[in-house]
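Trainee: This is the content of coords.tsv (TSV, C-alpha atoms):
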chain	number	residue	atom	x	y	z
A	21	MET	CA	167.70	66.80	257.60
A	22	VAL	CA	171.00	67.83	259.16
A	23	GLU	CA	170.68	68.97	262.75
A	24	THR	CA	168.92	66.87	265.36
A	25	LEU	CA	168.04	68.55	268.63
A	26	CYS	CA	166.33	66.73	271.48
A	27	GLU	CA	164.81	69.33	273.78
A	28	ALA	CA	164.30	67.87	277.25
A	29	LYS	CA	162.12	70.07	279.44
A	30	SER	CA	161.93	70.01	283.24
A	31	SER	CA	158.62	69.02	284.81
A	32	GLU	CA	157.14	67.80	288.07
A	33	CYS	CA	158.29	64.28	287.24
A	34	GLY	CA	161.83	65.28	286.42
A	35	VAL	CA	163.27	65.52	282.92
A	36	THR	CA	160.78	64.60	280.22
A	37	ASN	CA	161.43	62.53	277.14
A	38	PRO	CA	161.31	64.67	273.97
A	39	TYR	CA	158.59	62.33	272.67
A	40	ARG	CA	156.38	63.03	275.69
A	41	ARG	CA	154.27	65.95	276.78
A	42	THR	CA	156.32	69.12	277.31
A	43	GLU	CA	155.80	72.26	279.34
A	44	HIS	CA	154.95	74.30	276.26
A	45	CYS	CA	152.61	71.65	274.83
A	46	GLY	CA	149.62	73.95	275.17
A	47	LYS	CA	151.10	76.19	272.52
A	48	ILE	CA	152.50	73.47	270.32
A	49	HIS	CA	150.82	70.07	270.60
A	50	ARG	CA	149.93	67.37	273.09
A	51	TYR	CA	152.49	64.80	272.01
A	52	ARG	CA	155.67	65.76	270.22
A	53	CYS	CA	155.56	63.26	267.34
A	54	ASP	CA	152.05	62.03	266.67
A	55	LYS	CA	149.78	65.01	267.29
A	56	GLU	CA	149.00	68.13	265.35
A	57	VAL	CA	151.32	71.12	265.65
A	58	GLY	CA	149.75	74.55	265.85
A	59	VAL	CA	151.96	77.15	264.16
A	60	ILE	CA	155.38	76.64	262.63
A	61	GLY	CA	157.64	79.50	261.63
A	62	ILE	CA	160.05	78.74	258.79
A	63	ASP	CA	163.11	80.71	257.76
A	64	ILE	CA	163.82	79.91	254.10
A	65	SER	CA	167.06	79.89	252.15
A	66	LYS	CA	168.02	78.28	248.86
A	67	ASP	CA	169.21	75.06	250.51
A	68	TYR	CA	167.42	74.79	253.85
A	69	LEU	CA	164.18	75.39	255.75
A	70	ILE	CA	164.82	76.27	259.41
A	71	THR	CA	161.74	75.57	261.53
A	72	SER	CA	160.80	76.85	264.96
A	73	ARG	CA	159.33	73.52	266.05
A	74	GLY	CA	160.16	69.83	265.97
A	75	ARG	CA	163.14	67.69	266.98
A	76	GLU	CA	164.88	68.29	263.65
A	77	ARG	CA	164.94	71.97	262.85
A	78	LYS	CA	166.94	72.04	259.64
A	79	TYR	CA	165.34	70.53	256.56
A	80	LYS	CA	166.42	70.43	252.94
A	81	ASN	CA	164.56	72.82	250.65
A	82	ASN	CA	163.34	69.92	248.52
A	83	LEU	CA	160.56	67.35	248.39
A	84	LYS	CA	162.08	65.19	251.13
A	85	GLY	CA	162.34	68.16	253.48
A	86	TYR	CA	158.74	69.21	252.78
A	87	GLU	CA	157.46	65.72	253.55
A	88	GLU	CA	159.41	65.63	256.83
A	89	ILE	CA	157.89	68.95	257.90
A	90	LEU	CA	154.41	67.64	257.04
A	91	GLU	CA	154.99	64.72	259.41
A	92	MET	CA	154.68	67.24	262.26
A	93	LYS	CA	151.12	67.91	261.00
A	94	PRO	CA	151.23	71.72	261.14
A	95	CYS	CA	147.99	73.71	261.01
A	96	ILE	CA	149.64	76.98	259.93
A	97	ILE	CA	153.03	77.74	258.43
A	98	VAL	CA	154.38	81.29	258.65
A	99	LEU	CA	157.30	82.29	256.45
A	100	GLU	CA	159.01	85.24	254.82
A	101	PRO	CA	158.57	85.52	251.01
A	102	THR	CA	162.26	85.30	250.11
A	103	GLY	CA	161.88	85.50	246.35
A	104	VAL	CA	161.83	82.35	244.26
A	105	TYR	CA	163.04	80.10	247.11
A	106	ALA	CA	159.77	80.58	249.01
A	107	ILE	CA	157.38	80.03	246.10
A	108	ARG	CA	157.80	76.27	245.75
A	109	PRO	CA	157.44	75.34	249.45
A	110	SER	CA	154.54	77.79	249.88
A	111	GLN	CA	152.63	76.29	246.98
A	112	TYR	CA	153.48	72.74	248.05
A	113	PHE	CA	152.22	73.17	251.63
A	114	LYS	CA	149.11	74.99	250.43
A	115	GLU	CA	148.19	72.16	248.06
A	116	LYS	CA	148.66	69.72	250.93
A	117	GLY	CA	145.96	71.52	252.91
A	118	VAL	CA	148.18	73.59	255.23
A	119	LYS	CA	147.37	77.26	255.66
A	120	VAL	CA	150.41	79.26	254.54
A	121	LEU	CA	150.95	82.82	255.77
A	122	GLN	CA	153.62	85.23	254.62
A	123	VAL	CA	155.14	88.11	256.58
A	124	SER	CA	156.42	91.12	254.68
A	125	PRO	CA	160.23	91.53	254.96
A	126	ASN	CA	159.70	95.13	256.10
A	127	VAL	CA	157.42	94.03	258.93
A	128	LEU	CA	159.84	91.30	259.98
A	129	SER	CA	162.83	93.65	260.01
A	130	ARG	CA	160.99	96.01	262.35
A	131	GLU	CA	160.32	93.13	264.75
A	132	LYS	CA	163.94	92.01	264.96
A	133	GLU	CA	165.90	93.02	268.03
A	134	PHE	CA	168.89	95.28	267.62
A	135	ARG	CA	170.75	93.50	270.39
A	136	GLY	CA	171.69	89.86	270.63
A	137	LYS	CA	172.62	87.31	268.00
A	138	LYS	CA	170.86	87.02	264.69
A	139	THR	CA	170.23	83.38	263.73
A	140	ASP	CA	167.97	81.56	261.30
A	141	PHE	CA	166.24	79.77	264.17
A	142	TYR	CA	165.65	83.10	265.90
A	143	ASP	CA	164.00	84.41	262.71
A	144	ALA	CA	161.84	81.27	262.52
A	145	GLU	CA	160.66	81.83	266.11
A	146	LYS	CA	159.86	85.45	265.30
A	147	LEU	CA	157.80	84.37	262.30
A	148	GLU	CA	155.88	81.89	264.44
A	149	ASN	CA	154.67	84.69	266.69
A	150	MET	CA	153.61	86.99	263.83
A	151	VAL	CA	150.45	85.24	262.69
A	152	ASP	CA	148.39	88.36	263.28
A	153	LYS	CA	150.72	90.41	261.05
A	154	ALA	CA	150.90	87.90	258.21
A	155	LYS	CA	148.77	87.55	255.09
A	156	GLU	CA	147.65	84.32	253.51
A	157	TYR	CA	149.74	83.14	250.60
A	158	GLU	CA	147.96	83.29	247.27
A	159	TYR	CA	149.32	81.93	244.03
A	160	ASN	CA	149.50	84.58	241.31
A	161	PRO	CA	149.18	82.76	237.96
A	162	LEU	CA	150.29	85.85	236.05
A	163	ARG	CA	153.56	86.28	237.92
A	164	GLU	CA	155.51	83.56	236.09
A	165	LEU	CA	154.13	84.63	232.70
A	166	VAL	CA	155.09	88.26	233.30
A	167	THR	CA	158.55	87.22	234.52
A	168	LEU	CA	159.00	85.15	231.35
A	169	TYR	CA	157.75	88.02	229.20
A	170	PHE	CA	160.32	90.48	230.58
A	171	PHE	CA	163.05	87.83	230.36
A	172	LEU	CA	162.30	87.38	226.67
A	173	LYS	CA	162.14	91.16	226.16
A	174	ASP	CA	165.62	91.51	227.65
A	175	ILE	CA	166.89	88.74	225.35
A	176	GLU	CA	165.26	90.42	222.36
A	177	VAL	CA	167.03	93.71	223.08
A	178	LYS	CA	170.41	91.99	223.55
A	179	TYR	CA	170.14	90.00	220.33
A	180	GLU	CA	168.91	93.03	218.41
A	181	ASN	CA	171.83	95.17	219.60
A	182	ARG	CA	174.31	92.40	218.82
A	183	LEU	CA	172.81	91.95	215.35
A	184	LYS	CA	173.12	95.68	214.62
A	185	ARG	CA	176.77	95.52	215.69
A	186	ALA	CA	177.43	92.60	213.34
A	187	LEU	CA	175.64	94.31	210.44
A	188	PHE	CA	177.72	97.44	210.94
A	189	LEU	CA	180.91	95.38	210.51
A	190	VAL	CA	179.97	94.21	207.00
A	191	SER	CA	177.31	96.64	205.73
A	192	ASP	CA	176.29	100.29	205.68
A	193	ASN	CA	172.69	99.25	206.46
A	194	ASP	CA	171.95	98.13	210.02
A	195	LYS	CA	168.19	98.55	209.78
A	196	ILE	CA	166.15	95.53	210.91
A	197	ASN	CA	162.70	94.54	209.66
A	198	LYS	CA	160.88	91.23	209.50
A	199	GLU	CA	161.47	90.64	205.79
A	200	ARG	CA	165.19	91.28	206.07
A	201	LEU	CA	165.44	89.16	209.21
A	202	GLU	CA	163.86	86.18	207.45
A	203	LYS	CA	166.34	86.43	204.57
A	204	LEU	CA	169.32	86.80	206.92
A	205	ALA	CA	168.12	83.85	209.03
A	206	ASN	CA	168.08	81.67	205.88
A	207	GLY	CA	171.58	82.80	204.92
A	208	ASP	CA	170.34	84.80	201.94
A	209	PHE	CA	172.80	87.68	201.46
A	210	THR	CA	172.26	88.12	197.71
A	211	GLN	CA	170.64	91.55	198.08
A	212	GLU	CA	173.12	92.79	200.67
A	213	GLU	CA	175.92	95.19	199.77
A	214	LEU	CA	178.73	93.79	201.88
A	215	TYR	CA	182.29	94.80	202.67
A	216	GLN	CA	184.50	91.93	201.53
A	217	LEU	CA	186.93	91.96	204.42
A	218	GLU	CA	188.95	89.27	206.17
A	219	TYR	CA	186.36	88.74	208.90
A	220	THR	CA	183.29	88.92	206.62
A	221	PRO	CA	182.60	85.12	206.41
A	222	ILE	CA	182.70	84.76	210.21
A	223	VAL	CA	180.44	87.76	210.76
A	224	LEU	CA	177.92	86.52	208.16
A	225	GLU	CA	177.55	83.26	210.07
A	226	GLU	CA	177.01	85.26	213.27
A	227	ILE	CA	174.36	87.37	211.51
A	228	ARG	CA	172.54	84.25	210.33
A	229	VAL	CA	172.45	82.75	213.85
A	230	LEU	CA	171.41	86.04	215.48
A	231	ALA	CA	168.65	86.71	212.95
A	232	LYS	CA	167.22	83.21	213.40
A	233	THR	CA	167.31	83.48	217.19
A	234	LEU	CA	165.76	86.94	217.14
A	235	LEU	CA	162.85	85.72	215.00
A	236	GLU	CA	162.26	82.79	217.38
A	237	THR	CA	162.40	85.08	220.42
A	238	ARG	CA	159.84	87.45	218.93
A	239	GLU	CA	157.54	84.52	218.15
A	240	ARG	CA	157.79	83.33	221.77
A	241	LEU	CA	157.06	86.87	222.92
A	242	ARG	CA	153.85	86.94	220.90
A	243	GLU	CA	152.77	83.62	222.45
A	244	VAL	CA	153.51	84.76	226.00
A	245	ARG	CA	151.75	88.08	225.37
A	246	ARG	CA	148.66	86.21	224.20
A	247	MET	CA	148.76	84.02	227.34
A	248	ILE	CA	149.04	87.10	229.58
A	249	GLU	CA	146.10	88.80	227.90
A	250	GLU	CA	143.98	85.65	228.26
A	251	GLN	CA	144.56	85.73	232.03
A	252	VAL	CA	143.02	89.22	232.36
A	253	PRO	CA	139.21	89.21	232.67
A	254	ASP	CA	137.35	91.41	230.19
A	255	ASN	CA	135.62	93.20	233.05
A	256	HIS	CA	138.72	93.92	235.13
A	257	VAL	CA	138.54	97.38	236.66
A	258	LEU	CA	142.01	98.37	235.36
A	259	LEU	CA	140.75	98.14	231.79
A	260	THR	CA	138.46	101.12	232.45
A	261	ILE	CA	141.52	103.40	232.61
A	262	PRO	CA	142.10	104.98	229.16
A	263	GLY	CA	145.43	103.89	227.70
A	264	ILE	CA	145.71	100.63	229.68
A	265	GLY	CA	145.06	97.52	227.62
A	266	LYS	CA	145.10	93.86	228.53
A	267	LEU	CA	148.88	93.48	228.27
A	268	ALA	CA	149.59	96.46	230.53
A	269	ALA	CA	146.90	95.34	232.99
A	270	GLY	CA	148.30	91.81	232.99
A	271	VAL	CA	151.81	93.08	233.72
A	272	ILE	CA	150.58	95.25	236.59
A	273	ILE	CA	148.53	92.42	238.11
A	274	GLY	CA	151.36	89.92	237.64
A	275	VAL	CA	153.97	92.11	239.31
A	276	VAL	CA	151.82	93.53	242.13
A	277	GLY	CA	149.66	90.54	242.98
A	278	ASP	CA	147.42	91.90	245.73
A	279	ILE	CA	146.96	95.66	245.68
A	280	ARG	CA	145.68	95.50	249.27
A	281	ARG	CA	149.23	95.24	250.54
A	282	PHE	CA	149.58	98.93	249.66
A	283	PRO	CA	147.19	100.76	252.02
A	284	LYS	CA	148.09	104.18	250.62
A	285	PRO	CA	148.86	105.46	247.12
A	286	GLU	CA	152.22	106.75	248.35
A	287	SER	CA	153.34	103.23	249.24
A	288	PHE	CA	152.37	101.97	245.78
A	289	VAL	CA	154.17	104.87	244.08
A	290	ALA	CA	157.27	104.07	246.17
A	291	TYR	CA	157.01	100.39	245.17
A	292	CYS	CA	157.16	101.54	241.55
A	293	GLY	CA	160.26	103.65	242.30
A	294	LEU	CA	158.46	106.81	241.22
A	295	ASP	CA	158.51	108.54	244.62
A	296	PRO	CA	160.40	111.86	244.60
A	297	VAL	CA	163.64	112.26	246.54
A	298	VAL	CA	163.59	115.58	248.40
A	299	GLU	CA	166.46	116.89	250.52
A	300	ARG	CA	165.80	119.57	253.15
A	301	SER	CA	168.47	121.66	254.79
A	302	GLY	CA	167.21	124.50	256.92
A	303	ARG	CA	164.76	126.40	254.77
A	304	GLY	CA	166.18	125.01	251.54
A	305	VAL	CA	164.37	122.22	249.68
A	306	VAL	CA	166.11	120.44	246.80
A	307	SER	CA	164.47	117.84	244.56
A	308	ARG	CA	166.77	115.01	243.45
A	309	GLY	CA	164.41	113.28	241.03
A	310	ILE	CA	162.87	109.87	241.73
A	311	SER	CA	164.24	107.16	244.00
A	312	LYS	CA	164.28	104.31	241.40
A	313	ARG	CA	164.33	101.90	244.35
A	314	GLY	CA	161.15	100.09	243.38
A	315	ASN	CA	160.16	97.65	240.67
A	316	LYS	CA	161.95	98.67	237.47
A	317	TYR	CA	159.40	97.00	235.20
A	318	LEU	CA	156.45	98.92	236.65
A	319	ARG	CA	158.44	102.14	236.57
A	320	SER	CA	159.29	101.64	232.89
A	321	LEU	CA	155.73	100.61	232.06
A	322	PHE	CA	154.11	103.65	233.69
A	323	TYR	CA	156.64	105.98	232.06
A	324	PHE	CA	155.98	104.44	228.64
A	325	LEU	CA	152.19	104.61	229.05
A	326	ALA	CA	152.36	108.20	230.29
A	327	GLU	CA	154.56	109.27	227.39
A	328	VAL	CA	152.55	107.54	224.66
A	329	ASN	CA	148.97	107.59	225.92
A	330	TYR	CA	148.64	110.67	228.13
A	331	SER	CA	146.40	112.39	225.56
A	332	ARG	CA	143.86	109.53	225.81
A	333	ASN	CA	143.45	109.96	229.56
A	334	PRO	CA	141.52	113.12	230.58
A	335	THR	CA	143.23	113.31	233.98
A	336	LEU	CA	146.72	112.97	232.54
A	337	LEU	CA	145.94	115.39	229.71
A	338	LYS	CA	144.77	118.01	232.18
A	339	PHE	CA	147.90	117.46	234.28
A	340	TYR	CA	150.08	117.76	231.17
A	341	GLU	CA	148.54	121.02	230.06
A	342	SER	CA	148.80	122.60	233.50
A	343	HIS	CA	152.45	121.57	234.11
A	344	ARG	CA	154.10	121.65	230.68
A	345	ASP	CA	155.31	125.24	231.20
A	346	ARG	CA	156.99	124.38	234.49
A	347	LEU	CA	158.26	120.87	233.69
A	348	GLN	CA	160.12	119.84	230.57
A	349	GLY	CA	160.98	116.56	228.85
A	350	LYS	CA	161.61	113.55	231.09
A	351	LYS	CA	160.62	115.43	234.25
A	352	LEU	CA	157.15	116.02	232.85
A	353	TYR	CA	156.66	112.42	231.73
A	354	THR	CA	157.99	111.13	235.06
A	355	ALA	CA	155.41	113.27	236.86
A	356	LEU	CA	152.74	111.89	234.50
A	357	ALA	CA	153.92	108.35	235.26
A	358	ARG	CA	153.60	109.03	238.99
A	359	LYS	CA	150.11	110.45	238.42
A	360	LEU	CA	149.15	107.35	236.42
A	361	ALA	CA	150.42	105.08	239.20
A	362	ARG	CA	148.16	106.87	241.69
A	363	ILE	CA	145.21	106.48	239.30
A	364	VAL	CA	145.91	102.75	238.98
A	365	TRP	CA	146.09	102.37	242.75
A	366	SER	CA	142.84	104.29	243.33
A	367	VAL	CA	140.86	102.39	240.69
A	368	TRP	CA	142.19	98.98	241.66
A	369	TYR	CA	142.24	99.42	245.45
A	370	ASN	CA	138.69	100.79	245.59
A	371	ASN	CA	137.50	98.44	242.81
A	372	LYS	CA	135.67	101.27	241.09
A	373	PRO	CA	135.79	102.12	237.38
A	374	TYR	CA	137.89	105.07	236.34
A	375	GLU	CA	136.13	108.45	236.41
A	376	PRO	CA	137.91	111.55	235.08
A	377	LYS	CA	138.30	114.40	237.53
Can you give me the file's structure in the form of structure tokens?
Mentor:
Amino acid sequence: MVETLCEAKSSECGVTNPYRRTEHCGKIHRYRCDKEVGVIGIDISKDYLITSRGRERKYKNNLKGYEEILEMKPCIIVLEPTGVYAIRPSQYFKEKGVKVLQVSPNVLSREKEFRGKKTDFYDAEKLENMVDKAKEYEYNPLRELVTLYFFLKDIEVKYENRLKRALFLVSDNDKINKERLEKLANGDFTQEELYQLEYTPIVLEEIRVLAKTLLETRERLREVRRMIEEQVPDNHVLLTIPGIGKLAAGVIIGVVGDIRRFPKPESFVAYCGLDPVVERSGRGVVSRGISKRGNKYLRSLFYFLAEVNYSRNPTLLKFYESHRDRLQGKKLYTALARKLARIVWSVWYNNKPYEPK
């Protein structure tokens, strides 16, 4: 708690005490400190929660700050989902029995005035008045698992590339397989044909450490993958789409959360960064590829699935055969990825099993 503001309001009896009934009590609460508050808007940053109500409006983004906000006894809290900094307070307030609503950043930006000062308190007041445009916060158990999975995948790629670099320095063979990794991790270089150079001993120690770490990372990846697949019900509608297994379905569910926030397939395709960029000048129309402004993990996933499994999906196979003469290489697979994203949206949004058309 940093800033303390006592808001005295004028009334028929003169200036009121901030602990007494105020002019706007019908919208907030009967008594400032011991009665239930209606709606509180909260602007969230890494360090602070700025509220639209209460005598203290700036609270620490920690347990003490959450408890101080709960002392106002709010019925509803409205906030903007500002990445990881909003997850903890949202989940905390929800588990304490407070209804938590979240306003999309796009919706909030449209509501902001172009004139006047932009302040955190102003944003909090805006959020308070956007209950009808907010959606209830729901915890997505797959989100953290999917985030961890991609984090480990990135680490795997970095360690693998670094290991190949180190192997190139001392050997003509930079191929990596499980059997060789296990030997390198144990410091067994007896079957390796090595260049005996000045830096060879240092590089061999690096190879041993990298191989051991890479094996551990891949083992963690297998565990996280198993946990993701266990979170996906066997009867989930996404599993009816040919080429989409439990891991792919789990990633999609974990990243997207609620498909209802995309009312049209175009909005979902744009979220994946697969929407085409088209420039028009007079009668000329020029295609500039895809925007790549959406979620990079979904974009990569749909591209991979389209490239590897298009022949298993009747709709994608038909699209491939009818466009392969006009589109070539990456352009064709990008178009297939966009088509697959629309199929995923349609099946999931309508909650109906996939039917080839």
Trainee: Go through A:Phe282, A:Phe171, A:Tyr323, A:Tyr340 one by one, measure the shortest atom-to-atom distance of each to Leu294 of chain A using only C-alpha atoms, and give the residue with the smallest value.
Mentor: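 Comparing A:Phe282, A:Phe171, A:Tyr323, A:Tyr340 against Leu294 of chain A, the winner is A:Tyr323.
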Trainee: Nearest residue to Gly74 of chain A out of A:Phe288, A:Phe339, A:Phe141, A:Tyr105, using all atoms listed in the file?
Mentor: A:Phe141
Trainee: Between A:Val289, A:Ile62, A:Leu165, A:Leu121, single out the one closest to Gly270 of chain A, counting all atoms listed in the file.
Mentor: A:Leu165
Trainee: What lies within 12 Å of Phe209 of chain A using all atoms listed in the file, ignoring chain neighbours under 6 positions off, as number ranges by chain?
Mentor: A: 187, 190-191, 200-203, 215, 220-221, 224-225, 227-228
Trainee: Rank nothing, just name the residue among A:Tyr291, A:Trp368, A:Tyr157, A:Tyr317 nearest to Val271 of chain A, using all atoms listed in the file.
Mentor: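 Ranking A:Tyr291, A:Trp368, A:Tyr157, A:Tyr317 by distance to Val271 of chain A, first place goes to A:Tyr317.
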Trainee: Just give me the gap between atom CA of Ile70 of chain A and atom CA of Asn82 of chain A in Å, one decimal is fine.
Mentor: 12.7 Å
Trainee: Near Arg313 of chain A, counting all atoms listed in the file, which residues have an atom at most 12 Å away, once you skip same-chain residues fewer than 6 positions from it, shown as a CSV table (one decimal) with C-alpha atoms, in the frame of the given file?
Mentor:
chain,number,residue,atom,x,y,z
A,289,VAL,CA,154.2,104.9,244.1
A,290,ALA,CA,157.3,104.1,246.2
A,291,TYR,CA,157.0,100.4,245.2
A,292,CYS,CA,157.2,101.5,241.6
A,293,GLY,CA,160.3,103.6,242.3
A,294,LEU,CA,158.5,106.8,241.2
A,295,ASP,CA,158.5,108.5,244.6
A,296,PRO,CA,160.4,111.9,244.6
A,297,VAL,CA,163.6,112.3,246.5
A,319,ARG,CA,158.4,102.1,236.6
Trainee: If I only have part of segment 73-87 of chain A, can you fill in N, CA, C and O atoms and write it as an mmCIF file, in the frame of the given file?
Mentor:
data_model
loop_
_atom_site.group_PDB
_atom_site.id
_atom_site.type_symbol
_atom_site.label_atom_id
_atom_site.label_comp_id
_atom_site.auth_asym_id
_atom_site.auth_seq_id
_atom_site.Cartn_x
_atom_site.Cartn_y
_atom_site.Cartn_z
ATOM 1 N N ARG A 73 159.876 74.630 265.285
ATOM 2 C CA ARG A 73 159.330 73.520 266.050
ATOM 3 C C ARG A 73 159.880 72.199 265.550
ATOM 4 O O ARG A 73 160.360 72.103 264.423
ATOM 5 N N GLY A 74 159.759 71.155 266.384
ATOM 6 C CA GLY A 74 160.160 69.830 265.970
ATOM 7 C C GLY A 74 161.536 69.447 266.481
ATOM 8 O O GLY A 74 162.339 70.302 266.872
ATOM 9 N N ARG A 75 161.839 68.160 266.497
ATOM 10 C CA ARG A 75 163.140 67.690 266.980
ATOM 11 C C ARG A 75 164.234 68.006 265.979
ATOM 12 O O ARG A 75 165.350 68.321 266.327
ATOM 13 N N GLU A 76 163.936 67.868 264.685
ATOM 14 C CA GLU A 76 164.880 68.290 263.650
ATOM 15 C C GLU A 76 164.441 69.656 263.149
ATOM 16 O O GLU A 76 163.320 69.821 262.700
ATOM 17 N N ARG A 77 165.334 70.604 263.204
ATOM 18 C CA ARG A 77 164.940 71.970 262.850
ATOM 19 C C ARG A 77 165.491 72.431 261.511
ATOM 20 O O ARG A 77 165.161 73.502 261.064
ATOM 21 N N LYS A 78 166.346 71.643 260.899
ATOM 22 C CA LYS A 78 166.940 72.040 259.640
ATOM 23 C C LYS A 78 166.600 71.002 258.584
ATOM 24 O O LYS A 78 167.017 69.843 258.675
ATOM 25 N N TYR A 79 165.819 71.435 257.594
ATOM 26 C CA TYR A 79 165.340 70.530 256.560
ATOM 27 C C TYR A 79 165.818 71.023 255.194
ATOM 28 O O TYR A 79 165.929 72.218 254.960
ATOM 29 N N LYS A 80 166.049 70.071 254.309
ATOM 30 C CA LYS A 80 166.420 70.430 252.940
ATOM 31 C C LYS A 80 165.262 71.134 252.255
ATOM 32 O O LYS A 80 164.101 70.783 252.458
ATOM 33 N N ASN A 81 165.586 72.121 251.428
ATOM 34 C CA ASN A 81 164.560 72.820 250.650
ATOM 35 C C ASN A 81 164.276 71.996 249.384
ATOM 36 O O ASN A 81 164.540 72.417 248.260
ATOM 37 N N ASN A 82 163.721 70.805 249.611
ATOM 38 C CA ASN A 82 163.340 69.920 248.520
ATOM 39 C C ASN A 82 162.166 69.054 248.972
ATOM 40 O O ASN A 82 161.653 69.216 250.087
ATOM 41 N N LEU A 83 161.747 68.145 248.111
ATOM 42 C CA LEU A 83 160.560 67.350 248.390
ATOM 43 C C LEU A 83 160.702 66.551 249.681
ATOM 44 O O LEU A 83 159.757 66.474 250.478
ATOM 45 N N LYS A 84 161.873 65.972 249.912
ATOM 46 C CA LYS A 84 162.080 65.190 251.130
ATOM 47 C C LYS A 84 161.915 66.054 252.374
ATOM 48 O O LYS A 84 161.271 65.654 253.358
ATOM 49 N N GLY A 85 162.471 67.261 252.338
ATOM 50 C CA GLY A 85 162.340 68.160 253.480
ATOM 51 C C GLY A 85 160.904 68.582 253.714
ATOM 52 O O GLY A 85 160.447 68.659 254.864
ATOM 53 N N TYR A 86 160.145 68.831 252.631
ATOM 54 C CA TYR A 86 158.740 69.210 252.780
ATOM 55 C C TYR A 86 157.942 68.082 253.445
ATOM 56 O O TYR A 86 157.101 68.334 254.320
ATOM 57 N N GLU A 87 158.188 66.866 253.001
ATOM 58 C CA GLU A 87 157.460 65.720 253.550
ATOM 59 C C GLU A 87 157.784 65.527 255.030
ATOM 60 O O GLU A 87 156.907 65.171 255.823
#
